[in-house]
Structure formats: structure tokens, C-alpha cells
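Engineer: Following this line is structure-v4.pdb, made up of PDB, C-alpha atoms and all ligand atoms:
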ATOM      1  CA  MET W   1      -0.767  23.293  71.337
ATOM      2  CA  LYS W   2      -1.634  19.585  71.064
ATOM      3  CA  LYS W   3      -5.200  19.333  69.818
ATOM      4  CA  ILE W   4      -6.348  22.121  67.560
ATOM      5  CA  LEU W   5      -9.730  23.122  66.135
ATOM      6  CA  VAL W   6      -9.464  25.158  62.926
ATOM      7  CA  THR W   7     -12.429  27.200  61.654
ATOM      8  CA  GLY W   8     -12.530  28.161  57.972
ATOM      9  CA  ALA W   9     -10.449  25.061  57.251
ATOM     10  CA  PHE W  10     -11.196  25.034  53.501
ATOM     11  CA  GLY W  11     -10.187  28.668  52.969
ATOM     12  CA  GLN W  12      -6.899  29.873  51.479
ATOM     13  CA  ILE W  13      -4.971  29.703  54.771
ATOM     14  CA  GLY W  14      -6.980  26.911  56.406
ATOM     15  CA  SER W  15      -6.511  24.322  53.694
ATOM     16  CA  GLU W  16      -2.713  24.533  53.980
ATOM     17  CA  LEU W  17      -2.620  25.134  57.725
ATOM     18  CA  VAL W  18      -4.551  21.914  58.422
ATOM     19  CA  THR W  19      -1.970  19.949  56.404
ATOM     20  CA  LYS W  20       0.931  21.676  58.180
ATOM     21  CA  LEU W  21      -0.530  21.158  61.661
ATOM     22  CA  SER W  22      -1.395  17.522  60.849
ATOM     23  CA  GLY W  23       2.253  16.924  59.939
ATOM     24  CA  LEU W  24       3.429  18.502  63.196
ATOM     25  CA  TYR W  25       0.865  17.241  65.693
ATOM     26  CA  GLY W  26      -0.778  14.224  63.971
ATOM     27  CA  SER W  27      -3.886  14.330  61.759
ATOM     28  CA  SER W  28      -6.188  13.016  64.514
ATOM     29  CA  ASN W  29      -5.199  16.082  66.591
ATOM     30  CA  VAL W  30      -6.352  18.645  64.025
ATOM     31  CA  ILE W  31     -10.116  19.115  63.839
ATOM     32  CA  ALA W  32     -10.924  20.832  60.564
ATOM     33  CA  THR W  33     -14.234  22.711  60.488
ATOM     34  CA  ASP W  34     -15.983  24.763  57.856
ATOM     35  CA  ILE W  35     -19.481  25.800  56.861
ATOM     36  CA  LYS W  36     -19.657  22.917  54.382
ATOM     37  CA  GLU W  37     -17.621  19.851  53.542
ATOM     38  CA  LYS W  38     -15.406  20.087  50.449
ATOM     39  CA  ASN W  39     -12.494  17.661  50.322
ATOM     40  CA  GLN W  40     -11.946  14.348  51.994
ATOM     41  CA  LEU W  41      -9.409  14.850  54.801
ATOM     42  CA  ASP W  42      -7.167  12.426  56.691
ATOM     43  CA  GLY W  43      -8.229  13.786  60.075
ATOM     44  CA  PRO W  44     -11.614  14.624  61.641
ATOM     45  CA  PHE W  45     -13.938  17.148  59.989
ATOM     46  CA  GLU W  46     -17.045  18.825  61.409
ATOM     47  CA  ILE W  47     -19.459  21.294  59.849
ATOM     48  CA  ILE W  48     -19.511  24.526  61.886
ATOM     49  CA  ASP W  49     -21.178  27.820  61.077
ATOM     50  CA  VAL W  50     -19.165  30.177  63.289
ATOM     51  CA  THR W  51     -22.237  32.311  63.973
ATOM     52  CA  ASP W  52     -23.602  29.289  65.902
ATOM     53  CA  LYS W  53     -21.726  29.480  69.202
ATOM     54  CA  GLN W  54     -23.305  26.394  70.762
ATOM     55  CA  ARG W  55     -22.197  24.225  67.852
ATOM     56  CA  LEU W  56     -18.647  25.588  68.116
ATOM     57  CA  HIS W  57     -18.648  24.894  71.866
ATOM     58  CA  ASP W  58     -20.021  21.354  71.405
ATOM     59  CA  VAL W  59     -17.411  20.399  68.790
ATOM     60  CA  ALA W  60     -14.513  21.908  70.789
ATOM     61  CA  LYS W  61     -15.704  19.989  73.856
ATOM     62  CA  LYS W  62     -16.334  16.724  71.994
ATOM     63  CA  TYR W  63     -12.716  16.593  70.757
ATOM     64  CA  GLU W  64     -11.233  18.067  73.988
ATOM     65  CA  VAL W  65      -9.181  20.551  71.984
ATOM     66  CA  ASP W  66      -6.690  22.862  73.737
ATOM     67  CA  THR W  67      -6.434  25.443  70.924
ATOM     68  CA  ILE W  68      -8.756  27.247  68.511
ATOM     69  CA  MET W  69      -7.371  28.743  65.310
ATOM     70  CA  HIS W  70     -10.166  30.950  64.099
ATOM     71  CA  LEU W  71      -9.803  31.694  60.379
ATOM     72  CA  ALA W  72     -13.410  31.894  59.141
ATOM     73  CA  ALA W  73     -13.993  35.433  57.836
ATOM     74  CA  LEU W  74     -14.960  37.427  54.750
ATOM     75  CA  LEU W  75     -12.055  39.196  52.986
ATOM     76  CA  SER W  76     -11.869  42.922  52.244
ATOM     77  CA  ALA W  77     -13.570  43.266  48.842
ATOM     78  CA  THR W  78     -16.389  40.826  49.695
ATOM     79  CA  ALA W  79     -16.912  42.530  53.050
ATOM     80  CA  GLU W  80     -17.278  45.886  51.298
ATOM     81  CA  LYS W  81     -20.031  44.487  49.047
ATOM     82  CA  ASP W  82     -22.131  43.356  52.019
ATOM     83  CA  PRO W  83     -20.944  45.166  55.161
ATOM     84  CA  MET W  84     -23.643  43.809  57.483
ATOM     85  CA  LYS W  85     -22.923  40.221  56.471
ATOM     86  CA  ALA W  86     -19.236  40.923  57.124
ATOM     87  CA  TRP W  87     -20.046  42.354  60.531
ATOM     88  CA  ASN W  88     -22.127  39.300  61.442
ATOM     89  CA  ILE W  89     -19.583  36.738  60.260
ATOM     90  CA  ASN W  90     -16.325  38.522  61.088
ATOM     91  CA  MET W  91     -17.311  40.008  64.432
ATOM     92  CA  GLY W  92     -20.044  37.534  65.442
ATOM     93  CA  GLY W  93     -17.822  34.568  64.580
ATOM     94  CA  LEU W  94     -14.844  36.029  66.428
ATOM     95  CA  VAL W  95     -16.776  36.788  69.617
ATOM     96  CA  ASN W  96     -18.262  33.279  69.557
ATOM     97  CA  ALA W  97     -14.842  31.683  69.096
ATOM     98  CA  LEU W  98     -13.339  33.821  71.880
ATOM     99  CA  GLU W  99     -16.211  32.958  74.203
ATOM    100  CA  VAL W 100     -15.759  29.226  73.553
ATOM    101  CA  ALA W 101     -12.021  29.634  74.202
ATOM    102  CA  ARG W 102     -12.808  31.429  77.471
ATOM    103  CA  GLU W 103     -15.361  28.840  78.596
ATOM    104  CA  LEU W 104     -13.034  25.904  77.846
ATOM    105  CA  ASP W 105      -9.743  27.736  78.616
ATOM    106  CA  LEU W 106      -8.180  27.260  75.175
ATOM    107  CA  GLN W 107      -5.200  28.894  73.493
ATOM    108  CA  PHE W 108      -6.428  31.137  70.682
ATOM    109  CA  PHE W 109      -5.130  32.373  67.327
ATOM    110  CA  THR W 110      -6.851  34.632  64.832
ATOM    111  CA  PRO W 111      -5.309  36.662  62.010
ATOM    112  CA  SER W 112      -5.569  40.405  61.635
ATOM    113  CA  SER W 113      -4.403  42.090  58.429
ATOM    114  CA  ILE W 114      -2.683  45.066  56.821
ATOM    115  CA  GLY W 115      -6.354  45.978  56.233
ATOM    116  CA  SER W 116      -6.525  47.105  59.873
ATOM    117  CA  PHE W 117      -4.652  50.255  58.807
ATOM    118  CA  GLY W 118      -6.168  53.261  57.082
ATOM    119  CA  PRO W 119      -5.285  56.299  54.983
ATOM    120  CA  SER W 120      -4.013  58.271  58.000
ATOM    121  CA  THR W 121      -1.590  55.475  59.019
ATOM    122  CA  PRO W 122       2.084  56.170  58.144
ATOM    123  CA  LYS W 123       2.434  54.525  54.714
ATOM    124  CA  ASP W 124       6.094  53.476  54.823
ATOM    125  CA  ASN W 125       7.797  51.416  57.476
ATOM    126  CA  THR W 126       4.432  51.401  59.285
ATOM    127  CA  PRO W 127       5.191  50.896  62.997
ATOM    128  CA  GLN W 128       3.714  48.104  65.119
ATOM    129  CA  ASP W 129       1.844  50.577  67.315
ATOM    130  CA  THR W 130       0.445  53.427  65.274
ATOM    131  CA  LEU W 131      -2.674  55.224  64.122
ATOM    132  CA  GLN W 132      -5.333  52.770  62.845
ATOM    133  CA  ARG W 133      -8.387  54.370  61.331
ATOM    134  CA  PRO W 134      -9.416  51.976  58.519
ATOM    135  CA  THR W 135     -12.086  53.093  56.057
ATOM    136  CA  THR W 136     -13.425  49.616  55.155
ATOM    137  CA  MET W 137     -15.783  47.289  57.027
ATOM    138  CA  TYR W 138     -13.053  44.611  56.875
ATOM    139  CA  GLY W 139     -10.601  47.025  58.493
ATOM    140  CA  VAL W 140     -13.103  48.026  61.171
ATOM    141  CA  ASN W 141     -13.634  44.317  61.915
ATOM    142  CA  LYS W 142      -9.890  43.691  62.071
ATOM    143  CA  VAL W 143      -9.121  46.573  64.449
ATOM    144  CA  ALA W 144     -12.059  45.604  66.664
ATOM    145  CA  GLY W 145     -10.830  42.002  66.557
ATOM    146  CA  GLU W 146      -7.303  42.988  67.588
ATOM    147  CA  LEU W 147      -8.691  44.969  70.527
ATOM    148  CA  LEU W 148     -11.093  42.190  71.496
ATOM    149  CA  CYS W 149      -8.294  39.614  71.559
ATOM    150  CA  ASP W 150      -6.180  41.946  73.733
ATOM    151  CA  TYR W 151      -9.210  42.439  75.966
ATOM    152  CA  TYR W 152      -9.773  38.696  76.428
ATOM    153  CA  HIS W 153      -6.117  38.330  77.369
ATOM    154  CA  GLU W 154      -6.105  41.237  79.836
ATOM    155  CA  ARG W 155      -9.553  40.653  81.319
ATOM    156  CA  PHE W 156      -9.789  36.838  81.364
ATOM    157  CA  GLY W 157      -6.141  35.765  81.089
ATOM    158  CA  LEU W 158      -6.822  33.971  77.791
ATOM    159  CA  ASP W 159      -3.718  33.050  75.765
ATOM    160  CA  THR W 160      -4.700  34.973  72.611
ATOM    161  CA  ARG W 161      -2.170  35.512  69.806
ATOM    162  CA  GLY W 162      -2.277  36.910  66.270
ATOM    163  CA  VAL W 163      -0.480  38.525  63.355
ATOM    164  CA  ARG W 164      -1.347  41.175  60.793
ATOM    165  CA  PHE W 165      -1.077  39.208  57.559
ATOM    166  CA  PRO W 166      -0.091  40.900  54.333
ATOM    167  CA  GLY W 167      -1.450  39.620  50.994
ATOM    168  CA  LEU W 168      -0.846  35.858  50.984
ATOM    169  CA  ILE W 169       0.235  34.063  47.818
ATOM    170  CA  SER W 170      -0.381  30.335  47.452
ATOM    171  CA  TYR W 171      -1.147  27.660  44.853
ATOM    172  CA  GLU W 172      -3.226  25.175  46.868
ATOM    173  CA  THR W 173      -6.517  27.037  47.368
ATOM    174  CA  LEU W 174      -7.448  30.300  45.665
ATOM    175  CA  PRO W 175      -8.253  33.265  47.896
ATOM    176  CA  GLY W 176     -11.751  34.693  47.492
ATOM    177  CA  GLY W 177     -12.772  38.328  47.593
ATOM    178  CA  GLY W 178      -9.520  39.939  48.729
ATOM    179  CA  THR W 179      -7.842  43.106  47.465
ATOM    180  CA  THR W 180      -4.477  41.351  47.157
ATOM    181  CA  ASP W 181      -5.952  38.415  45.142
ATOM    182  CA  TYR W 182      -4.377  39.812  41.946
ATOM    183  CA  ALA W 183      -1.005  38.630  43.256
ATOM    184  CA  VAL W 184      -2.246  35.019  43.073
ATOM    185  CA  GLU W 185      -4.213  35.348  39.804
ATOM    186  CA  ILE W 186      -1.162  36.778  38.018
ATOM    187  CA  TYR W 187       0.705  33.451  38.391
ATOM    188  CA  TYR W 188      -2.194  31.334  37.074
ATOM    189  CA  GLU W 189      -2.614  33.649  34.084
ATOM    190  CA  ALA W 190       1.141  33.762  33.473
ATOM    191  CA  VAL W 191       1.191  29.967  33.172
ATOM    192  CA  LYS W 192      -2.046  29.739  31.126
ATOM    193  CA  ASN W 193      -1.884  32.792  28.850
ATOM    194  CA  LYS W 194       1.515  34.482  29.382
ATOM    195  CA  ALA W 195      -0.463  37.660  30.102
ATOM    196  CA  TYR W 196      -2.450  39.224  32.930
ATOM    197  CA  THR W 197      -4.765  42.210  33.276
ATOM    198  CA  SER W 198      -4.436  43.633  36.780
ATOM    199  CA  PHE W 199      -7.375  45.093  38.682
ATOM    200  CA  ILE W 200      -4.872  46.931  40.918
ATOM    201  CA  GLY W 201      -3.130  49.913  39.375
ATOM    202  CA  GLU W 202       0.508  50.444  38.483
ATOM    203  CA  GLY W 203       2.663  51.668  41.353
ATOM    204  CA  THR W 204       0.297  50.427  44.096
ATOM    205  CA  LYS W 205       2.605  48.771  46.597
ATOM    206  CA  MET W 206       1.297  46.392  49.252
ATOM    207  CA  ASP W 207       2.925  43.925  51.634
ATOM    208  CA  MET W 208       2.981  40.305  50.469
ATOM    209  CA  MET W 209       4.112  36.885  51.702
ATOM    210  CA  TYR W 210       4.346  33.326  50.377
ATOM    211  CA  MET W 211       2.108  30.850  52.190
ATOM    212  CA  PRO W 212       4.892  28.610  53.615
ATOM    213  CA  ASP W 213       6.277  31.655  55.466
ATOM    214  CA  ALA W 214       2.802  32.545  56.720
ATOM    215  CA  LEU W 215       2.248  29.015  58.083
ATOM    216  CA  ASN W 216       5.645  29.019  59.819
ATOM    217  CA  ALA W 217       4.780  32.374  61.373
ATOM    218  CA  ILE W 218       1.551  30.991  62.857
ATOM    219  CA  VAL W 219       3.296  27.961  64.361
ATOM    220  CA  ASP W 220       6.291  29.977  65.639
ATOM    221  CA  LEU W 221       4.069  32.550  67.315
ATOM    222  CA  MET W 222       1.848  29.886  68.905
ATOM    223  CA  GLU W 223       4.906  27.998  70.192
ATOM    224  CA  ALA W 224       6.620  31.150  71.559
ATOM    225  CA  GLU W 225       7.147  31.414  75.316
ATOM    226  CA  PRO W 226       4.379  33.658  76.698
ATOM    227  CA  SER W 227       6.966  35.503  78.815
ATOM    228  CA  GLU W 228       8.713  36.637  75.578
ATOM    229  CA  LEU W 229       5.569  38.315  74.262
ATOM    230  CA  GLU W 230       5.085  41.935  75.108
ATOM    231  CA  HIS W 231       2.525  42.304  72.347
ATOM    232  CA  ARG W 232       0.089  39.430  71.792
ATOM    233  CA  ASN W 233      -2.239  40.068  68.936
ATOM    234  CA  ALA W 234      -1.721  41.753  65.630
ATOM    235  CA  PHE W 235       2.048  41.522  65.141
ATOM    236  CA  ASN W 236       3.093  43.276  61.917
ATOM    237  CA  ILE W 237       4.618  40.662  59.603
ATOM    238  CA  THR W 238       5.652  40.922  55.942
ATOM    239  CA  ALA W 239       8.046  39.321  53.460
ATOM    240  CA  PHE W 240       8.268  42.055  50.811
ATOM    241  CA  SER W 241       6.375  44.985  49.381
ATOM    242  CA  ALA W 242       5.393  44.852  45.703
ATOM    243  CA  ALA W 243       3.223  46.510  43.050
ATOM    244  CA  PRO W 244       1.788  44.665  39.985
ATOM    245  CA  GLU W 245       4.760  45.672  37.813
ATOM    246  CA  ASP W 246       7.161  44.139  40.375
ATOM    247  CA  PHE W 247       5.361  40.782  40.048
ATOM    248  CA  ALA W 248       5.478  41.142  36.250
ATOM    249  CA  ALA W 249       9.229  41.843  36.277
ATOM    250  CA  SER W 250       9.796  38.817  38.478
ATOM    251  CA  ILE W 251       7.647  36.560  36.247
ATOM    252  CA  GLN W 252       9.497  37.819  33.134
ATOM    253  CA  LYS W 253      12.721  36.367  34.574
ATOM    254  CA  PHE W 254      11.129  32.926  34.029
ATOM    255  CA  ILE W 255       8.614  33.686  31.227
ATOM    256  CA  PRO W 256      10.186  36.527  29.164
ATOM    257  CA  GLU W 257       7.107  36.903  26.895
ATOM    258  CA  PHE W 258       4.816  37.631  29.867
ATOM    259  CA  GLU W 259       2.799  40.825  29.454
ATOM    260  CA  LEU W 260       1.034  42.909  32.083
ATOM    261  CA  SER W 261      -1.859  45.273  31.348
ATOM    262  CA  TYR W 262      -4.285  47.135  33.594
ATOM    263  CA  ASP W 263      -8.051  47.393  33.965
ATOM    264  CA  VAL W 264      -8.295  48.963  37.397
ATOM    265  CA  ASP W 265     -11.280  48.137  39.602
ATOM    266  CA  PRO W 266     -12.012  51.428  41.429
ATOM    267  CA  ASN W 267     -13.421  49.657  44.505
ATOM    268  CA  ARG W 268     -10.449  47.396  45.147
ATOM    269  CA  GLN W 269      -8.016  50.144  44.113
ATOM    270  CA  ALA W 270      -9.524  52.463  46.755
ATOM    271  CA  ILE W 271      -9.077  49.747  49.396
ATOM    272  CA  ALA W 272      -5.458  49.139  48.318
ATOM    273  CA  GLU W 273      -4.666  52.851  48.446
ATOM    274  CA  SER W 274      -5.960  53.073  52.008
ATOM    275  CA  TRP W 275      -3.409  50.413  53.130
ATOM    276  CA  PRO W 276       0.309  50.904  53.860
ATOM    277  CA  ASN W 277       3.031  50.483  51.232
ATOM    278  CA  GLN W 278       5.254  48.514  53.603
ATOM    279  CA  ILE W 279       4.881  47.656  57.267
ATOM    280  CA  ASP W 280       7.698  47.220  59.779
ATOM    281  CA  PRO W 281       7.943  43.658  61.216
ATOM    282  CA  THR W 282      10.765  44.419  63.705
ATOM    283  CA  VAL W 283       8.653  43.842  66.820
ATOM    284  CA  ALA W 284       7.663  40.329  65.634
ATOM    285  CA  GLU W 285      11.314  39.611  64.804
ATOM    286  CA  ASN W 286      12.429  40.692  68.265
ATOM    287  CA  GLU W 287       9.667  39.149  70.371
ATOM    288  CA  TRP W 288       9.321  35.686  68.774
ATOM    289  CA  GLY W 289      11.932  35.441  66.044
ATOM    290  CA  PHE W 290       9.698  36.056  63.000
ATOM    291  CA  LYS W 291      11.590  35.393  59.757
ATOM    292  CA  THR W 292      10.837  34.561  56.127
ATOM    293  CA  ASN W 293      12.468  32.217  53.602
ATOM    294  CA  TYR W 294      10.963  33.597  50.390
ATOM    295  CA  ASP W 295      11.606  36.901  48.625
ATOM    296  CA  LEU W 296       9.667  37.809  45.469
ATOM    297  CA  ASP W 297      11.881  35.958  42.943
ATOM    298  CA  LYS W 298      12.245  32.796  45.028
ATOM    299  CA  MET W 299       8.484  32.736  45.484
ATOM    300  CA  THR W 300       7.864  33.373  41.765
ATOM    301  CA  LYS W 301      10.066  30.426  40.785
ATOM    302  CA  ASP W 302       8.225  28.095  43.152
ATOM    303  CA  MET W 303       4.745  29.427  42.304
ATOM    304  CA  LEU W 304       5.289  29.029  38.550
ATOM    305  CA  GLU W 305       6.548  25.460  38.997
ATOM    306  CA  LYS W 306       3.673  24.494  41.297
ATOM    307  CA  VAL W 307       0.972  26.137  39.171
ATOM    308  CA  LYS W 308       2.384  24.430  36.043
ATOM    309  CA  ASP W 309       2.234  21.055  37.843
ATOM    310  CA  LYS W 310      -1.421  21.674  38.679
TER     311      LYS W 310
HETATM  312  C1  LIG U 401      -7.441  40.939  51.483
HETATM  313  O1  LIG U 401      -6.935  41.397  50.436
HETATM  314  O2  LIG U 401      -8.582  41.209  51.869
HETATM  315  C2  LIG U 401      -6.583  40.040  52.334
HETATM  316  C3  LIG U 401      -5.837  40.827  53.368
HETATM  317  C4  LIG U 401      -4.624  41.558  53.009
HETATM  318  O3  LIG U 401      -6.243  40.856  54.495
HETATM  319  N1  LIG U 401      -5.684  39.295  51.517
END
Turn the structure described in the file into C-alpha cells.
Ligand code: AKB

Structural biologist:
Amino acid sequence: MKKILVTGAFGQIGSELVTKLSGLYGSSNVIATDIKEKNQLDGPFEIIDVTDKQRLHDVAKKYEVDTIMHLAALLSATAEKDPMKAWNINMGGLVNALEVARELDLQFFTPSSIGSFGPSTPKDNTPQDTLQRPTTMYGVNKVAGELLCDYYHERFGLDTRGVRFPGLISYETLPGGGTTDYAVEIYYEAVKNKAYTSFIGEGTKMDMMYMPDALNAIVDLMEAEPSELEHRNAFNITAFSAAPEDFAASIQKFIPEFELSYDVDPNRQAIAESWPNQIDPTVAENEWGFKTNYDLDKMTKDMLEKVKDK
């Protein structure tokens, strides 16, 4: 991994991943791309609509990249509002990016999600290889994507890799349209108003992770020796499992007056309830040394400081 093209570079993961990769490999070696320009970057930027395969191919070729990190996608709640748009962007974009990687022989990363699981998946300690019958368009896209990436590896020998991300918490760029977004909003509201009304119900546990751990996971997996990898795509990874009241209890350690209330959104609640409570990351730990540095309280401390600074 020396010259990397990132799609969806201004999204929640992309905006921090580009900075991380620029620090590791040099900003001229990270080609940030997105559907429109937003911030001024140190390194190169190109506009790419991932449904336009020729454009993706031309940019990858122009910069002679050796890796594509394909992040452009609609998140779960947005995908559910417009399933056909999600299909076109999530599946169409992924197939285009995989095809460009095949044509130019590039290493490939794309994230899957805890959203690839469904109500019939074992809810606790969810194994790496288990029943996946998601009931959302996002989940259908993610399972299909996992299989497609495996297929490109088996059939064409492409070096495809990926993880199943839990809800990601970060302060740089807000997520948009996800079911786990409440876990980011709660910190902003805690700092602004010392109160938050959660759209996810009490007792609804989901896997979560702080962004620095997520970025390390991407780099560690991409740098892992191929011979160490028995699985390739869709490694279960998580830092901790938490419900809204767990975030509130953690925030109250730093802001004792903080208050949590609920106004549950039935659509996002239904999605959350179809996902596991806590997945098992043992296979990622064993195959490429996955580890995390942040538990809930350590993350809360850092998030509150960073959001206050903003
Ligand atoms: C979402 O909530 O849609 C994402 C995810 C867990 O994939 N954050």
C-alpha cells in the first residue's frame, strides 16, 4: 500500500482516514475523491461519482495508485428511505470499484458492517461465520458486498480485504443517516445542552468503536501478511457493546447533570433490533492482531474534550 485512492473521502470515515493515510504514506500518495469538493486538502483531490466506472478507472490510472479504499455508500437509515438509490450507489459503486481494481490489479478495501446481520443471527457473541439474513436494504448490500469481495479474491486473485464495522464514534465529521448516529449526537448535545433525547430505545445494545481504533484496524488489516489471512473480507471487529443509558452513565462521570430521555424512532429502532447485541472479534484478533485502545469511558473523556474544543 503506497499510493491509495479513497472514495467517499469527505464522509465520516473518509475524512479522518485520508489524514491518517497522508501521515503514514505522504499526502501526495493519498488521492481523495468524493462526489463534490468540500474542504481544501493538502494532497490531490478528484471529483468521482462512484456510479461512473470510467471516471473511477481514469483517475486510478492517472495517479498510478496501487490500492483503492472504497468508502462511498449510503448508511442504513438513509438506505431504507430510498432502497433503489441505495442499491445503485452501494452495489453499483462497489462493483465498479472492484472492476477497476481487477483491471489495474490493485489492492482493495471496503467496509462491511454489523448491519450485514439480521434477526435470525445469534445476538450475543455473534460468531465470525454465522447466519446472515439481514432485513434492510443496507444489510442486503453489505452481505452481497462481502460475498462479491470474496468472489473477486477467489476468482481473479484480487487482494480484497474488509471488516464489519460497528457504530463508529468520532468528532471530526458527523455521520449521516446511520442507525448508530445517536452515539455521536449524544456527545454534541451533552456539551451544548447537558441533555439528549435518544431516537434509539433504552436497553438496545449495539457494538461501537472510537474512530482512532477503526482507522488503526483498516491500516493493520491492509498491512497484514496475506498468508496470515484465512478470512479476507468482513472480519468482525468491535470495541464495546453499549445501549443509550450506558453512554449516559459514562457521560455523567464527566458531566453529572447530564440527562437522557427517549423519543424512539420506530424505523431506526427496528433496524437496531435486527442487529446483534455484541459480535465476537476473536478471528480478527487471531488472524491479524486486531486490538483497540479505547473503552467507553476513555472514549467519552476524549470525545467530550474534543467536542468542547470545537
Ligand atoms: C449505520 O448505523 O448505518 C452504520 C453501521 C453500523 O453500519 N453506522

Engineer: Evaluated on this file, the PyMOL selection byres (((not hetatm)) within 7 of (chain U and resi 401)) picks out some residues - which ones are they, written as a list in words?

Structural biologist: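 So the PyMOL selection byres (((not hetatm)) within 7 of (chain U and resi 401)) ends up selecting Leu75, Ser76, Ala77, Ser113, Ile114, Gly115, Phe165, Pro166, Gly167, Leu168, Gly177, Gly178, Thr179, Thr180 and Asp181 of chain W.
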
Engineer: In terms of the shortest atom-to-atom distance over all atoms listed in the file, which of W:Lys310, W:His57, W:Lys2, W:Lys38 is closest to W:Ala97?

Structural biologist: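 Between W:Lys310, W:His57, W:Lys2, W:Lys38, the residue approaching W:Ala97 most closely is W:His57.
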
Engineer: Go through the shown structure with the PyMOL selection byres (((chain W and resi 214-220) around 8) and not hetatm) and write out the matching residues as a ChimeraX atom specification.

Structural biologist: /W:13,16-17,20,162-163,165,168,209-213,221-224,288-291

Engineer: Generate a file of the selected residues that holds C-alpha atoms, formatted as a compact mmCIF listing (two decimals), in the frame of the given file.

Structural biologist:
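The result, written out as part.txt:
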# COMPACT_ATOMS: atom_id res chain seq x y z
CA ILE W 13 -4.97 29.70 54.77
CA GLU W 16 -2.71 24.53 53.98
CA LEU W 17 -2.62 25.13 57.72
CA LYS W 20 0.93 21.68 58.18
CA GLY W 162 -2.28 36.91 66.27
CA VAL W 163 -0.48 38.52 63.36
CA PHE W 165 -1.08 39.21 57.56
CA LEU W 168 -0.85 35.86 50.98
CA MET W 209 4.11 36.88 51.70
CA TYR W 210 4.35 33.33 50.38
CA MET W 211 2.11 30.85 52.19
CA PRO W 212 4.89 28.61 53.62
CA ASP W 213 6.28 31.66 55.47
CA LEU W 221 4.07 32.55 67.32
CA MET W 222 1.85 29.89 68.90
CA GLU W 223 4.91 28.00 70.19
CA ALA W 224 6.62 31.15 71.56
CA TRP W 288 9.32 35.69 68.77
CA GLY W 289 11.93 35.44 66.04
CA PHE W 290 9.70 36.06 63.00
CA LYS W 291 11.59 35.39 59.76

Engineer: With distances taken over all atoms listed in the file, which of W:Asn286, W:Thr160, W:Asn141, W:Gln40 is nearest to W:Met69?

Structural biologist: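 Smallest distance to W:Met69 is found for W:Thr160.
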
Engineer: Please measure the separation of atom CA of W:Val143 and atom CA of W:Pro111, giving the value in Å to one decimal.

Structural biologist: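 Separating atom CA of W:Val143 from atom CA of W:Pro111 is a distance of 10.9 Å.
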
Engineer: Might you pull out every residue within 10 Å of W:Glu80, with only C-alpha atoms counted and same-chain residues fewer than 2 positions away left off, and present them as number ranges by chain?

Structural biologist: W: 74-78, 82-86, 136-139, 177, 267-268, 271

Engineer: Output as a PDB file, in the coordinates of the input: stretch 203-216 of chain W, completed with N, CA, C and O atoms.

Structural biologist:
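In the end it all went to rebuild-v1.pdb:
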ATOM      1  N   GLY W 203       2.055  50.879  40.276  1.00  0.00           N
ATOM      2  CA  GLY W 203       2.663  51.668  41.353  1.00  0.00           C
ATOM      3  C   GLY W 203       2.018  51.471  42.715  1.00  0.00           C
ATOM      4  O   GLY W 203       2.455  52.081  43.700  1.00  0.00           O
ATOM      5  N   THR W 204       0.976  50.630  42.801  1.00  0.00           N
ATOM      6  CA  THR W 204       0.297  50.427  44.096  1.00  0.00           C
ATOM      7  C   THR W 204       1.011  49.324  44.868  1.00  0.00           C
ATOM      8  O   THR W 204       0.833  48.131  44.601  1.00  0.00           O
ATOM      9  N   LYS W 205       1.819  49.743  45.816  1.00  0.00           N
ATOM     10  CA  LYS W 205       2.605  48.771  46.597  1.00  0.00           C
ATOM     11  C   LYS W 205       1.793  48.266  47.788  1.00  0.00           C
ATOM     12  O   LYS W 205       1.116  49.053  48.457  1.00  0.00           O
ATOM     13  N   MET W 206       1.878  46.968  48.032  1.00  0.00           N
ATOM     14  CA  MET W 206       1.297  46.392  49.252  1.00  0.00           C
ATOM     15  C   MET W 206       2.235  45.304  49.761  1.00  0.00           C
ATOM     16  O   MET W 206       3.019  44.741  49.001  1.00  0.00           O
ATOM     17  N   ASP W 207       2.127  45.009  51.056  1.00  0.00           N
ATOM     18  CA  ASP W 207       2.925  43.925  51.634  1.00  0.00           C
ATOM     19  C   ASP W 207       2.398  42.575  51.172  1.00  0.00           C
ATOM     20  O   ASP W 207       1.186  42.388  51.037  1.00  0.00           O
ATOM     21  N   MET W 208       3.335  41.635  50.976  1.00  0.00           N
ATOM     22  CA  MET W 208       2.981  40.305  50.469  1.00  0.00           C
ATOM     23  C   MET W 208       3.822  39.243  51.179  1.00  0.00           C
ATOM     24  O   MET W 208       4.905  39.546  51.704  1.00  0.00           O
ATOM     25  N   MET W 209       3.359  37.992  51.086  1.00  0.00           N
ATOM     26  CA  MET W 209       4.112  36.885  51.702  1.00  0.00           C
ATOM     27  C   MET W 209       3.690  35.560  51.064  1.00  0.00           C
ATOM     28  O   MET W 209       2.508  35.378  50.731  1.00  0.00           O
ATOM     29  N   TYR W 210       4.652  34.667  50.915  1.00  0.00           N
ATOM     30  CA  TYR W 210       4.346  33.326  50.377  1.00  0.00           C
ATOM     31  C   TYR W 210       3.778  32.464  51.507  1.00  0.00           C
ATOM     32  O   TYR W 210       4.236  32.555  52.658  1.00  0.00           O
ATOM     33  N   MET W 211       2.831  31.613  51.160  1.00  0.00           N
ATOM     34  CA  MET W 211       2.108  30.850  52.190  1.00  0.00           C
ATOM     35  C   MET W 211       3.010  30.040  53.137  1.00  0.00           C
ATOM     36  O   MET W 211       2.747  30.023  54.351  1.00  0.00           O
ATOM     37  N   PRO W 212       4.078  29.378  52.651  1.00  0.00           N
ATOM     38  CA  PRO W 212       4.892  28.610  53.615  1.00  0.00           C
ATOM     39  C   PRO W 212       5.441  29.499  54.744  1.00  0.00           C
ATOM     40  O   PRO W 212       5.518  29.055  55.896  1.00  0.00           O
ATOM     41  N   ASP W 213       5.802  30.734  54.424  1.00  0.00           N
ATOM     42  CA  ASP W 213       6.277  31.655  55.466  1.00  0.00           C
ATOM     43  C   ASP W 213       5.143  32.036  56.423  1.00  0.00           C
ATOM     44  O   ASP W 213       5.358  32.184  57.632  1.00  0.00           O
ATOM     45  N   ALA W 214       3.946  32.184  55.878  1.00  0.00           N
ATOM     46  CA  ALA W 214       2.802  32.545  56.720  1.00  0.00           C
ATOM     47  C   ALA W 214       2.480  31.415  57.702  1.00  0.00           C
ATOM     48  O   ALA W 214       2.196  31.651  58.881  1.00  0.00           O
ATOM     49  N   LEU W 215       2.552  30.172  57.216  1.00  0.00           N
ATOM     50  CA  LEU W 215       2.248  29.015  58.083  1.00  0.00           C
ATOM     51  C   LEU W 215       3.303  28.880  59.182  1.00  0.00           C
ATOM     52  O   LEU W 215       2.982  28.625  60.350  1.00  0.00           O
ATOM     53  N   ASN W 216       4.578  29.065  58.800  1.00  0.00           N
ATOM     54  CA  ASN W 216       5.645  29.019  59.819  1.00  0.00           C
ATOM     55  C   ASN W 216       5.425  30.094  60.874  1.00  0.00           C
ATOM     56  O   ASN W 216       5.650  29.855  62.067  1.00  0.00           O
TER      57      ASN W 216
END
